[in-house]
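Asks: mmCIF, C-alpha atoms, saved as work-v3.cif, coming up:
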```cif
data_data
#
loop_
_atom_site.label_atom_id
_atom_site.label_comp_id
_atom_site.auth_asym_id
_atom_site.auth_seq_id
_atom_site.Cartn_x
_atom_site.Cartn_y
_atom_site.Cartn_z
CA MET O 15 -11.07 -52.00 0.56
CA ILE O 16 -7.30 -51.70 0.19
CA ALA O 17 -5.09 -53.02 2.99
CA TYR O 18 -1.43 -53.89 3.38
CA ILE O 19 -1.20 -57.48 4.52
CA LEU O 20 1.89 -59.24 5.83
CA LYS O 21 2.49 -62.42 3.84
CA ASP O 22 5.45 -63.59 5.93
CA PHE O 23 7.51 -62.18 8.76
CA GLY O 24 10.60 -60.46 7.42
CA GLY O 25 11.48 -57.38 5.40
CA ALA O 26 9.25 -54.50 4.35
CA GLU O 27 8.87 -56.13 0.92
CA ASN O 28 6.62 -58.69 2.64
CA LEU O 29 3.92 -56.04 3.07
CA ILE O 30 1.58 -56.62 0.12
CA ARG O 31 -1.12 -54.26 -1.13
CA ALA O 32 -4.35 -56.25 -1.37
CA GLU O 33 -8.09 -55.85 -1.87
CA ILE O 34 -10.03 -57.39 1.03
CA PRO O 35 -13.60 -57.08 2.39
CA VAL O 36 -14.54 -54.14 4.62
CA PRO O 37 -14.72 -55.35 8.26
CA VAL O 38 -18.10 -56.18 9.75
CA VAL O 39 -18.58 -54.30 13.01
CA GLN O 40 -19.63 -56.07 16.19
CA ASP O 41 -22.29 -54.59 18.47
CA ASN O 42 -19.72 -52.68 20.54
CA GLU O 43 -17.62 -51.48 17.61
CA VAL O 44 -17.55 -48.59 15.16
CA LEU O 45 -16.26 -48.67 11.60
CA VAL O 46 -13.62 -46.01 11.06
CA LYS O 47 -12.58 -44.73 7.64
CA VAL O 48 -8.88 -44.29 8.30
CA LYS O 49 -7.36 -40.88 7.53
CA ALA O 50 -3.95 -41.44 9.18
CA ILE O 51 -1.97 -44.12 10.96
CA ALA O 52 1.24 -44.07 12.98
CA VAL O 53 4.12 -46.51 12.55
CA ASN O 54 5.90 -47.36 15.79
CA PRO O 55 8.99 -49.44 16.61
CA VAL O 56 6.70 -52.31 17.59
CA ASP O 57 5.33 -52.35 14.03
CA VAL O 58 8.82 -52.92 12.66
CA LYS O 59 9.70 -55.52 15.28
CA THR O 60 6.46 -57.41 14.66
CA ARG O 61 6.91 -57.33 10.88
CA GLU O 62 10.37 -58.85 11.38
CA GLY O 63 8.97 -61.66 13.56
CA ARG O 64 9.53 -60.13 16.98
CA GLY O 65 7.33 -57.77 19.02
CA GLN O 66 3.71 -58.95 18.76
CA ALA O 67 4.46 -61.61 16.13
CA GLY O 68 3.71 -64.44 18.55
CA ARG O 69 0.19 -63.11 19.07
CA LEU O 70 -0.47 -62.60 15.36
CA LYS O 71 1.19 -65.58 13.69
CA ASP O 72 -2.02 -67.63 13.42
CA PHE O 73 -4.10 -64.89 11.77
CA ASP O 74 -4.70 -64.89 8.02
CA PRO O 75 -4.35 -62.27 6.76
CA ILE O 76 -2.11 -60.41 9.19
CA ILE O 77 -2.62 -56.65 9.04
CA LEU O 78 -0.14 -54.65 11.08
CA GLY O 79 -0.65 -51.35 12.88
CA TRP O 80 -2.49 -50.08 15.95
CA ASP O 81 -2.61 -46.26 15.87
CA ILE O 82 -5.41 -44.71 13.84
CA SER O 83 -7.29 -41.49 13.31
CA GLY O 84 -10.32 -41.22 11.08
CA VAL O 85 -14.06 -40.75 10.66
CA VAL O 86 -16.85 -43.02 11.95
CA THR O 87 -18.90 -44.41 9.06
CA GLU O 88 -20.93 -47.08 10.87
CA THR O 89 -21.83 -47.94 14.48
CA GLY O 90 -22.69 -51.21 16.18
CA LYS O 91 -26.06 -51.76 17.87
CA ARG O 92 -24.76 -51.11 21.40
CA VAL O 93 -22.56 -48.11 20.61
CA THR O 94 -23.62 -44.98 22.51
CA THR O 95 -20.45 -42.87 22.56
CA PHE O 96 -20.04 -42.05 18.87
CA LYS O 97 -22.18 -41.32 15.84
CA ILE O 98 -21.57 -41.42 12.10
CA GLY O 99 -19.38 -38.52 11.05
CA ASP O 100 -17.45 -38.21 14.32
CA GLU O 101 -13.68 -37.80 14.00
CA VAL O 102 -11.99 -40.24 16.35
CA PHE O 103 -8.54 -41.57 17.21
CA GLY O 104 -6.95 -44.20 19.40
CA LEU O 105 -4.77 -47.24 19.93
CA ILE O 106 -6.69 -50.26 18.64
CA ASN O 107 -6.55 -53.78 20.13
CA PHE O 108 -3.06 -53.53 21.59
CA PRO O 109 -1.60 -55.98 22.35
CA GLY O 110 -3.41 -57.95 19.68
CA HIS O 111 -4.50 -57.60 16.06
CA GLY O 112 -5.03 -53.89 15.40
CA LYS O 113 -5.36 -54.08 11.59
CA ALA O 114 -4.55 -50.40 11.12
CA TYR O 115 -2.85 -50.64 7.71
CA ALA O 116 -6.20 -50.51 5.94
CA GLU O 117 -8.80 -48.12 4.55
CA PHE O 118 -11.33 -49.16 7.20
CA VAL O 119 -10.86 -50.45 10.76
CA ALA O 120 -13.46 -51.97 13.09
CA ALA O 121 -12.61 -50.58 16.52
CA PRO O 122 -14.17 -51.10 19.98
CA GLU O 123 -15.82 -47.85 21.05
CA ASN O 124 -14.09 -48.04 24.45
CA GLN O 125 -10.69 -47.72 22.77
CA LEU O 126 -11.38 -44.43 21.00
CA ALA O 127 -11.82 -40.75 21.78
CA LEU O 128 -13.09 -37.79 19.79
CA LYS O 129 -10.26 -36.13 17.90
CA PRO O 130 -9.64 -32.61 19.18
CA VAL O 131 -10.53 -30.05 16.51
CA ASN O 132 -7.21 -28.22 16.90
CA ILE O 133 -5.04 -31.13 15.69
CA SER O 134 -4.80 -32.98 12.40
CA HIS O 135 -5.50 -36.66 11.85
CA GLU O 136 -1.76 -37.20 11.46
CA GLU O 137 -1.06 -35.60 14.83
CA ALA O 138 -3.85 -37.57 16.48
CA ALA O 139 -2.66 -40.92 15.16
CA ALA O 140 0.88 -40.14 16.30
CA ALA O 141 -0.37 -39.30 19.81
CA SER O 142 -1.79 -42.73 20.56
CA LEU O 143 0.62 -45.59 21.43
CA ALA O 144 3.57 -43.37 22.37
CA ALA O 145 1.53 -40.88 24.37
CA MET O 146 -0.49 -43.59 26.08
CA THR O 147 2.66 -45.47 27.07
CA ALA O 148 3.96 -42.37 28.83
CA TRP O 149 0.60 -41.57 30.45
CA GLN O 150 -0.13 -45.08 31.70
CA ILE O 151 3.30 -45.27 33.32
CA LEU O 152 3.43 -41.79 34.86
CA HIS O 153 -0.22 -41.39 35.83
CA ASP O 154 -1.71 -44.86 36.23
CA LYS O 155 1.27 -46.89 37.48
CA ALA O 156 3.95 -44.68 39.02
CA TRP O 157 1.56 -42.10 40.48
CA ILE O 158 3.97 -39.23 39.97
CA ARG O 159 3.33 -36.55 42.58
CA PRO O 160 4.13 -32.82 42.69
CA GLY O 161 7.75 -32.31 43.63
CA ASP O 162 8.97 -35.75 42.55
CA LYS O 163 12.35 -35.75 40.83
CA VAL O 164 11.94 -37.65 37.56
CA LEU O 165 14.54 -38.75 35.00
CA ILE O 166 13.34 -39.48 31.46
CA HIS O 167 15.74 -41.14 29.04
CA ALA O 168 15.58 -40.26 25.33
CA ALA O 169 13.51 -37.23 26.25
CA ALA O 170 13.31 -36.06 22.64
CA GLY O 171 12.05 -39.45 21.40
CA GLY O 172 8.54 -40.72 20.75
CA VAL O 173 7.58 -41.77 24.28
CA GLY O 174 10.09 -39.47 25.93
CA HIS O 175 8.85 -36.16 24.55
CA PHE O 176 5.31 -36.95 25.68
CA ALA O 177 6.60 -38.10 29.08
CA VAL O 178 8.44 -34.84 29.73
CA GLN O 179 5.27 -32.82 29.16
CA MET O 180 3.13 -35.17 31.24
CA ALA O 181 5.57 -35.36 34.16
CA LYS O 182 5.73 -31.57 34.18
CA TYR O 183 1.93 -31.40 34.07
CA LEU O 184 1.80 -33.74 37.09
CA GLY O 185 4.08 -31.37 39.01
CA ALA O 186 7.39 -33.22 38.79
CA TRP O 187 10.88 -31.74 38.52
CA VAL O 188 11.98 -33.24 35.23
CA ILE O 189 15.44 -34.22 33.97
CA GLY O 190 15.78 -35.39 30.37
CA THR O 191 18.63 -37.10 28.54
CA ALA O 192 18.99 -36.22 24.87
CA SER O 193 21.64 -35.13 22.39
CA ARG O 194 22.96 -31.56 22.42
CA LYS O 195 21.01 -30.67 19.27
CA ASN O 196 17.74 -31.46 21.11
CA ARG O 197 18.58 -29.46 24.25
CA GLU O 198 16.28 -26.51 23.56
CA PHE O 199 13.48 -28.80 22.43
CA VAL O 200 13.61 -30.85 25.64
CA LEU O 201 13.73 -27.74 27.82
CA SER O 202 10.81 -26.23 25.90
CA LEU O 203 8.71 -29.29 26.74
CA GLY O 204 9.09 -28.61 30.47
CA ALA O 205 12.32 -30.27 31.55
CA SER O 206 14.27 -28.33 34.18
CA VAL O 207 17.55 -30.07 33.36
CA HIS O 208 18.92 -31.41 30.07
CA ILE O 209 21.79 -33.91 30.08
CA ASP O 210 23.72 -34.40 26.86
CA TYR O 211 24.30 -38.15 26.83
CA GLU O 212 27.06 -37.75 24.27
CA THR O 213 29.31 -35.77 26.60
CA LYS O 214 28.07 -36.53 30.15
CA ARG O 215 27.13 -39.61 32.13
CA PHE O 216 23.81 -38.85 33.77
CA GLU O 217 24.72 -40.73 36.97
CA GLU O 218 27.49 -38.20 37.52
CA VAL O 219 25.04 -35.28 37.26
CA VAL O 220 21.93 -36.32 39.24
CA ASN O 221 21.10 -38.56 42.19
CA ASN O 222 18.48 -39.26 44.86
CA LEU O 223 15.67 -39.39 42.30
CA ASP O 224 12.11 -40.62 42.84
CA PHE O 225 11.55 -42.17 39.44
CA VAL O 226 13.22 -43.14 36.16
CA LEU O 227 11.44 -43.79 32.86
CA ASP O 228 13.86 -46.02 30.96
CA THR O 229 13.17 -46.10 27.24
CA MET O 230 16.61 -47.55 26.46
CA GLY O 231 17.26 -50.65 28.59
CA GLY O 232 20.56 -52.48 28.87
CA ASP O 233 23.39 -50.39 30.29
CA TYR O 234 21.01 -47.47 30.85
CA THR O 235 18.99 -49.57 33.27
CA GLU O 236 22.01 -50.61 35.33
CA ARG O 237 23.26 -47.02 35.50
CA SER O 238 19.79 -45.73 36.36
CA PHE O 239 19.72 -47.86 39.50
CA ARG O 240 22.54 -45.68 40.87
CA VAL O 241 20.58 -42.43 40.73
CA LEU O 242 17.43 -43.61 42.51
CA LYS O 243 16.75 -43.09 46.22
CA PRO O 244 15.98 -46.24 48.30
CA GLY O 245 12.55 -47.65 47.46
CA ALA O 246 12.20 -45.54 44.30
CA ALA O 247 10.89 -46.98 41.03
CA ILE O 248 12.12 -47.51 37.48
CA PHE O 249 9.86 -48.50 34.58
CA CYS O 250 11.51 -50.04 31.52
CA ILE O 251 9.87 -50.14 28.09
CA PRO O 252 12.02 -52.15 25.61
CA SER O 253 10.81 -55.70 26.33
CA LEU O 254 13.97 -57.62 25.47
CA ALA O 255 16.11 -55.05 27.26
CA CYS O 256 14.05 -55.17 30.47
CA GLU O 257 14.38 -58.83 31.37
CA ASN O 258 14.63 -59.53 35.10
CA ILE O 259 14.41 -55.84 35.97
CA ALA O 260 12.18 -56.56 38.98
CA GLU O 261 14.68 -59.00 40.47
CA LYS O 262 17.66 -56.75 39.73
CA ALA O 263 15.95 -53.74 41.30
CA LYS O 264 14.83 -55.64 44.39
CA VAL O 265 18.41 -56.63 45.19
CA LYS O 266 19.26 -52.93 45.27
CA GLY O 267 16.28 -51.96 47.43
CA LEU O 268 14.38 -50.49 44.47
CA GLN O 269 11.21 -51.19 42.51
CA GLY O 270 11.63 -52.26 38.90
CA TYR O 271 8.88 -52.88 36.37
CA PRO O 272 8.79 -53.86 32.69
CA PHE O 273 5.88 -52.22 30.89
CA LEU O 274 3.63 -52.89 27.92
CA VAL O 275 0.93 -50.40 27.00
CA ARG O 276 -2.68 -51.56 26.54
CA SER O 277 -5.56 -50.01 24.60
CA ASN O 278 -7.73 -47.82 26.82
CA GLY O 279 -10.22 -45.24 25.60
CA GLU O 280 -10.34 -43.42 28.94
CA ASN O 281 -6.61 -42.80 28.72
CA ILE O 282 -7.00 -41.45 25.20
CA LYS O 283 -9.65 -39.04 26.46
CA GLU O 284 -7.38 -37.91 29.31
CA ILE O 285 -4.50 -37.36 26.90
#
```
Please re-express this file's structure in structure tokens.
Replies:
Amino acid sequence: MIAYILKDFGGAENLIRAEIPVPVVQDNEVLVKVKAIAVNPVDVKTREGRGQAGRLKDFDPIILGWDISGVVTETGKRVTTFKIGDEVFGLINFPGHGKAYAEFVAAPENQLALKPVNISHEEAAAASLAAMTAWQILHDKAWIRPGDKVLIHAAAGGVGHFAVQMAKYLGAWVIGTASRKNREFVLSLGASVHIDYETKRFEEVVNNLDFVLDTMGGDYTERSFRVLKPGAAIFCIPSLACENIAEKAKVKGLQGYPFLVRSNGENIKEI
């Protein structure tokens, strides 16, 4: 099969088209003929030697990518959820070696879900890592409740635009930061308030919030502390920008958490 392997960490020119054997599925895996993948910021960071590079550096070959959508062509002996011909999608082996940049991927059955018939493979692949990040934070970790006041930074971005919809679905009153050109988009997703970060400082507009989803880090984190009510929580996604967030939040009487998404088939089904 054809795959794009990473010869060395660095620029995109280090991704080399190669012919390698089709993966052999384990008893709990299915073989997926890949129809679409998604490329996320973590793909770029890892290719450059950051992100998940530390976990992958000893593999040979290294095949990047984690989000896939495709068709099951083979099933392991213990697989009961899927059959040959099923269209499936999911986030594969994250954090770890997903090997998505390939014609075929061996994926654990408990990391996949059936692809809804009303979306394309491209849409399904794109609704894996980003959507699951938002869902695991809002639903599994933060336990957003009806009536909670929630601020989502970069509400028109990959994680953010899923988070707005999910927070609204969970009954929250949603505020989203985004540029002026994305105002109508963010409001259409379910946000009650849009804040144009280019002309307004969000901490001068809202306060006494229950939760902040920080997709930016750095200065945004420090400023977000000011809008939270005592004991409220902030989850921060960018790993390098979220260092010591727990300690910083505790000093201010808040809860602060860095977050890294993990593959989970049940979450994909919920999404």
Asks: Step by step, work through what the PyMOL selection byres ((chain O and resi 225) around 10) selects in the shown file, and finish by giving those residues as a list in words.
Replies: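 Selected by the PyMOL selection byres ((chain O and resi 225) around 10) here: Leu152, Ala156, Ile158, Asp162, Lys163, Val164, Leu165, Ile166, Ala186, Val188, Asn222, Leu223, Asp224, Val226, Leu227, Asp228, Ser238, Phe239, Val241, Leu242, Lys243, Gly245, Ala246, Ala247, Ile248, Phe249 and Gln269 of chain O.
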Asks: Got a sec to check which residues sit within 12 Å of (16.8, -60.2, 31.9), counting all atoms listed in the file, and write them as number ranges by chain?
Replies: O: 231-233, 235-236, 250, 252-263, 270-272
Asks: So which residues get picked by the PyMOL selection byres ((chain O and resi 76-78) around 10) here, written as a ChimeraX atom specification?
Replies: /O:17-23,29-30,53,56-58,60-61,66-67,70-75,79-81,110-116
Asks: For region 45-49 of chain O, I'd like the enclosing box, axis-aligned and padded by 8 Å on every side, reported as lines of an AutoDock Vina configuration file with centre and edge lengths in Å to one decimal.
Replies:
```
center_x = -11.8
center_y = -44.8
center_z = 9.6
size_x = 24.9
size_y = 23.8
size_z = 20.1
```
Asks: Any chance you could resolve the PyMOL selection byres ((chain O and resi 91-98) around 10) against this file and give the residues as a PyMOL selection string?
Replies: chain O and resi 39-46+85-90+99-102+122-124+126-128
Asks: Provide the CA of Thr191 (chain O) to CA of Thr213 (chain O) distance in Å, to one decimal place.
Replies: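 For CA of Thr191 (chain O) relative to CA of Thr213 (chain O), the distance reads 10.9 Å.
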Asks: Using all atoms listed in the file, find the one residue out of O:Ile133, O:Ser206, O:Ala177, O:Ile16 that sits nearest to Ile151 (chain O).
Replies: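 Checking each candidate against Ile151 (chain O), we get O:Ala177 as the closest.
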Asks: Can you pull out the residues contacting Phe108 (chain O)? Cut-off 9 Å, using all atoms listed in the file, and skip same-chain residues under 5 positions away; I want them as a VMD selection string.
Replies: chain O and resid 80 143 275 to 277
Asks: Kindly save the residues from that selection, with C-alpha atoms included, as a JSON list (two decimals), keeping the file's coordinate frame.
Replies:
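Generated output (selection.json):
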```json
[["chain", "number", "residue", "atom", "x", "y", "z"],
["O", 80, "TRP", "CA", -2.49, -50.08, 15.95],
["O", 143, "LEU", "CA", 0.62, -45.59, 21.43],
["O", 275, "VAL", "CA", 0.93, -50.40, 27.00],
["O", 276, "ARG", "CA", -2.68, -51.56, 26.54],
["O", 277, "SER", "CA", -5.56, -50.01, 24.60]]
```
Asks: With only C-alpha atoms as the basis for distance, which of O:Asn196, O:Ala26, O:Met230, O:Ala120 is at the shortest distance from Ile106 (chain O)?
Replies: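 The answer is O:Ala120, which sits nearest to Ile106 (chain O).
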Asks: Between O:Met15, O:Leu274, O:Leu268, O:Val173, which is the closest to Ala144 (chain O) once you count all atoms listed in the file?
Replies: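 Once distances to Ala144 (chain O) are computed over all atoms listed in the file, the minimum belongs to O:Val173.
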Asks: In Å, how far is it from CA of Trp157 (chain O) to CA of Arg197 (chain O)?
Replies: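 Rounded to one decimal, the two atoms are 26.7 Å apart.
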Asks: List every protein, DNA or RNA residue with an atom no more than 12 Å from (22.8, -36.5, 26.5) in the file's coordinates, counting only C-alpha atoms, and format the result as a PDB file with C-alpha atoms, in the coordinates of the input.
Replies:
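Contents of the output file selection09.pdb:
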```
ATOM      1  CA  ILE O 166      13.340 -39.480  31.460  1.00  0.00           C
ATOM      2  CA  HIS O 167      15.740 -41.140  29.040  1.00  0.00           C
ATOM      3  CA  ALA O 168      15.580 -40.260  25.330  1.00  0.00           C
ATOM      4  CA  ALA O 169      13.510 -37.230  26.250  1.00  0.00           C
ATOM      5  CA  ALA O 170      13.310 -36.060  22.640  1.00  0.00           C
ATOM      6  CA  ILE O 189      15.440 -34.220  33.970  1.00  0.00           C
ATOM      7  CA  GLY O 190      15.780 -35.390  30.370  1.00  0.00           C
ATOM      8  CA  THR O 191      18.630 -37.100  28.540  1.00  0.00           C
ATOM      9  CA  ALA O 192      18.990 -36.220  24.870  1.00  0.00           C
ATOM     10  CA  SER O 193      21.640 -35.130  22.390  1.00  0.00           C
ATOM     11  CA  ARG O 194      22.960 -31.560  22.420  1.00  0.00           C
ATOM     12  CA  LYS O 195      21.010 -30.670  19.270  1.00  0.00           C
ATOM     13  CA  ASN O 196      17.740 -31.460  21.110  1.00  0.00           C
ATOM     14  CA  ARG O 197      18.580 -29.460  24.250  1.00  0.00           C
ATOM     15  CA  VAL O 200      13.610 -30.850  25.640  1.00  0.00           C
ATOM     16  CA  VAL O 207      17.550 -30.070  33.360  1.00  0.00           C
ATOM     17  CA  HIS O 208      18.920 -31.410  30.070  1.00  0.00           C
ATOM     18  CA  ILE O 209      21.790 -33.910  30.080  1.00  0.00           C
ATOM     19  CA  ASP O 210      23.720 -34.400  26.860  1.00  0.00           C
ATOM     20  CA  TYR O 211      24.300 -38.150  26.830  1.00  0.00           C
ATOM     21  CA  GLU O 212      27.060 -37.750  24.270  1.00  0.00           C
ATOM     22  CA  THR O 213      29.310 -35.770  26.600  1.00  0.00           C
ATOM     23  CA  LYS O 214      28.070 -36.530  30.150  1.00  0.00           C
ATOM     24  CA  ARG O 215      27.130 -39.610  32.130  1.00  0.00           C
ATOM     25  CA  PHE O 216      23.810 -38.850  33.770  1.00  0.00           C
ATOM     26  CA  GLU O 217      24.720 -40.730  36.970  1.00  0.00           C
ATOM     27  CA  VAL O 219      25.040 -35.280  37.260  1.00  0.00           C
ATOM     28  CA  TYR O 234      21.010 -47.470  30.850  1.00  0.00           C
TER      29      TYR O 234
END
```
Asks: Could region 146-168 of chain O be completed with N, CA and C atoms and written as a PDB file, in the frame of the given file, please?
Replies:
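Resulting contents of result-v4.pdb:
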```pdb
ATOM      1  N   MET O 146       0.173 -42.765  25.078  1.00  0.00           N
ATOM      2  CA  MET O 146      -0.490 -43.590  26.080  1.00  0.00           C
ATOM      3  C   MET O 146       0.521 -44.372  26.920  1.00  0.00           C
ATOM      4  N   THR O 147       1.612 -44.792  26.303  1.00  0.00           N
ATOM      5  CA  THR O 147       2.660 -45.470  27.070  1.00  0.00           C
ATOM      6  C   THR O 147       3.162 -44.560  28.182  1.00  0.00           C
ATOM      7  N   ALA O 148       3.475 -43.321  27.836  1.00  0.00           N
ATOM      8  CA  ALA O 148       3.960 -42.370  28.830  1.00  0.00           C
ATOM      9  C   ALA O 148       2.908 -42.109  29.911  1.00  0.00           C
ATOM     10  N   TRP O 149       1.655 -41.910  29.503  1.00  0.00           N
ATOM     11  CA  TRP O 149       0.600 -41.570  30.450  1.00  0.00           C
ATOM     12  C   TRP O 149       0.270 -42.734  31.392  1.00  0.00           C
ATOM     13  N   GLN O 150       0.186 -43.933  30.845  1.00  0.00           N
ATOM     14  CA  GLN O 150      -0.130 -45.080  31.700  1.00  0.00           C
ATOM     15  C   GLN O 150       0.958 -45.316  32.741  1.00  0.00           C
ATOM     16  N   ILE O 151       2.205 -45.101  32.359  1.00  0.00           N
ATOM     17  CA  ILE O 151       3.300 -45.270  33.320  1.00  0.00           C
ATOM     18  C   ILE O 151       3.272 -44.166  34.374  1.00  0.00           C
ATOM     19  N   LEU O 152       3.284 -42.920  33.939  1.00  0.00           N
ATOM     20  CA  LEU O 152       3.430 -41.790  34.860  1.00  0.00           C
ATOM     21  C   LEU O 152       2.192 -41.569  35.724  1.00  0.00           C
ATOM     22  N   HIS O 153       1.021 -41.718  35.131  1.00  0.00           N
ATOM     23  CA  HIS O 153      -0.220 -41.390  35.830  1.00  0.00           C
ATOM     24  C   HIS O 153      -0.882 -42.607  36.475  1.00  0.00           C
ATOM     25  N   ASP O 154      -0.960 -43.697  35.737  1.00  0.00           N
ATOM     26  CA  ASP O 154      -1.710 -44.860  36.230  1.00  0.00           C
ATOM     27  C   ASP O 154      -0.875 -45.801  37.089  1.00  0.00           C
ATOM     28  N   LYS O 155       0.427 -45.904  36.798  1.00  0.00           N
ATOM     29  CA  LYS O 155       1.270 -46.890  37.480  1.00  0.00           C
ATOM     30  C   LYS O 155       2.198 -46.270  38.513  1.00  0.00           C
ATOM     31  N   ALA O 156       2.942 -45.261  38.118  1.00  0.00           N
ATOM     32  CA  ALA O 156       3.950 -44.680  39.020  1.00  0.00           C
ATOM     33  C   ALA O 156       3.351 -43.661  39.980  1.00  0.00           C
ATOM     34  N   TRP O 157       2.206 -43.118  39.636  1.00  0.00           N
ATOM     35  CA  TRP O 157       1.560 -42.100  40.480  1.00  0.00           C
ATOM     36  C   TRP O 157       2.532 -40.978  40.813  1.00  0.00           C
ATOM     37  N   ILE O 158       3.067 -40.349  39.782  1.00  0.00           N
ATOM     38  CA  ILE O 158       3.970 -39.230  39.970  1.00  0.00           C
ATOM     39  C   ILE O 158       3.246 -38.107  40.722  1.00  0.00           C
ATOM     40  N   ARG O 159       3.922 -37.591  41.740  1.00  0.00           N
ATOM     41  CA  ARG O 159       3.330 -36.550  42.580  1.00  0.00           C
ATOM     42  C   ARG O 159       4.089 -35.238  42.429  1.00  0.00           C
ATOM     43  N   PRO O 160       3.432 -34.111  42.759  1.00  0.00           N
ATOM     44  CA  PRO O 160       4.130 -32.820  42.690  1.00  0.00           C
ATOM     45  C   PRO O 160       5.406 -32.849  43.523  1.00  0.00           C
ATOM     46  N   GLY O 161       6.478 -32.362  42.935  1.00  0.00           N
ATOM     47  CA  GLY O 161       7.750 -32.310  43.630  1.00  0.00           C
ATOM     48  C   GLY O 161       8.651 -33.501  43.405  1.00  0.00           C
ATOM     49  N   ASP O 162       8.139 -34.578  42.834  1.00  0.00           N
ATOM     50  CA  ASP O 162       8.970 -35.750  42.550  1.00  0.00           C
ATOM     51  C   ASP O 162      10.066 -35.372  41.548  1.00  0.00           C
ATOM     52  N   LYS O 163      11.242 -35.945  41.762  1.00  0.00           N
ATOM     53  CA  LYS O 163      12.350 -35.750  40.830  1.00  0.00           C
ATOM     54  C   LYS O 163      12.374 -36.934  39.854  1.00  0.00           C
ATOM     55  N   VAL O 164      12.169 -36.629  38.576  1.00  0.00           N
ATOM     56  CA  VAL O 164      11.940 -37.650  37.560  1.00  0.00           C
ATOM     57  C   VAL O 164      12.989 -37.541  36.454  1.00  0.00           C
ATOM     58  N   LEU O 165      13.597 -38.684  36.115  1.00  0.00           N
ATOM     59  CA  LEU O 165      14.540 -38.750  35.000  1.00  0.00           C
ATOM     60  C   LEU O 165      13.896 -39.496  33.846  1.00  0.00           C
ATOM     61  N   ILE O 166      13.914 -38.874  32.653  1.00  0.00           N
ATOM     62  CA  ILE O 166      13.340 -39.480  31.460  1.00  0.00           C
ATOM     63  C   ILE O 166      14.434 -39.629  30.421  1.00  0.00           C
ATOM     64  N   HIS O 167      14.720 -40.879  30.049  1.00  0.00           N
ATOM     65  CA  HIS O 167      15.740 -41.140  29.040  1.00  0.00           C
ATOM     66  C   HIS O 167      15.150 -40.966  27.638  1.00  0.00           C
ATOM     67  N   ALA O 168      16.002 -40.539  26.709  1.00  0.00           N
ATOM     68  CA  ALA O 168      15.580 -40.260  25.330  1.00  0.00           C
ATOM     69  C   ALA O 168      14.395 -39.301  25.343  1.00  0.00           C
TER      70      ALA O 168
END
```
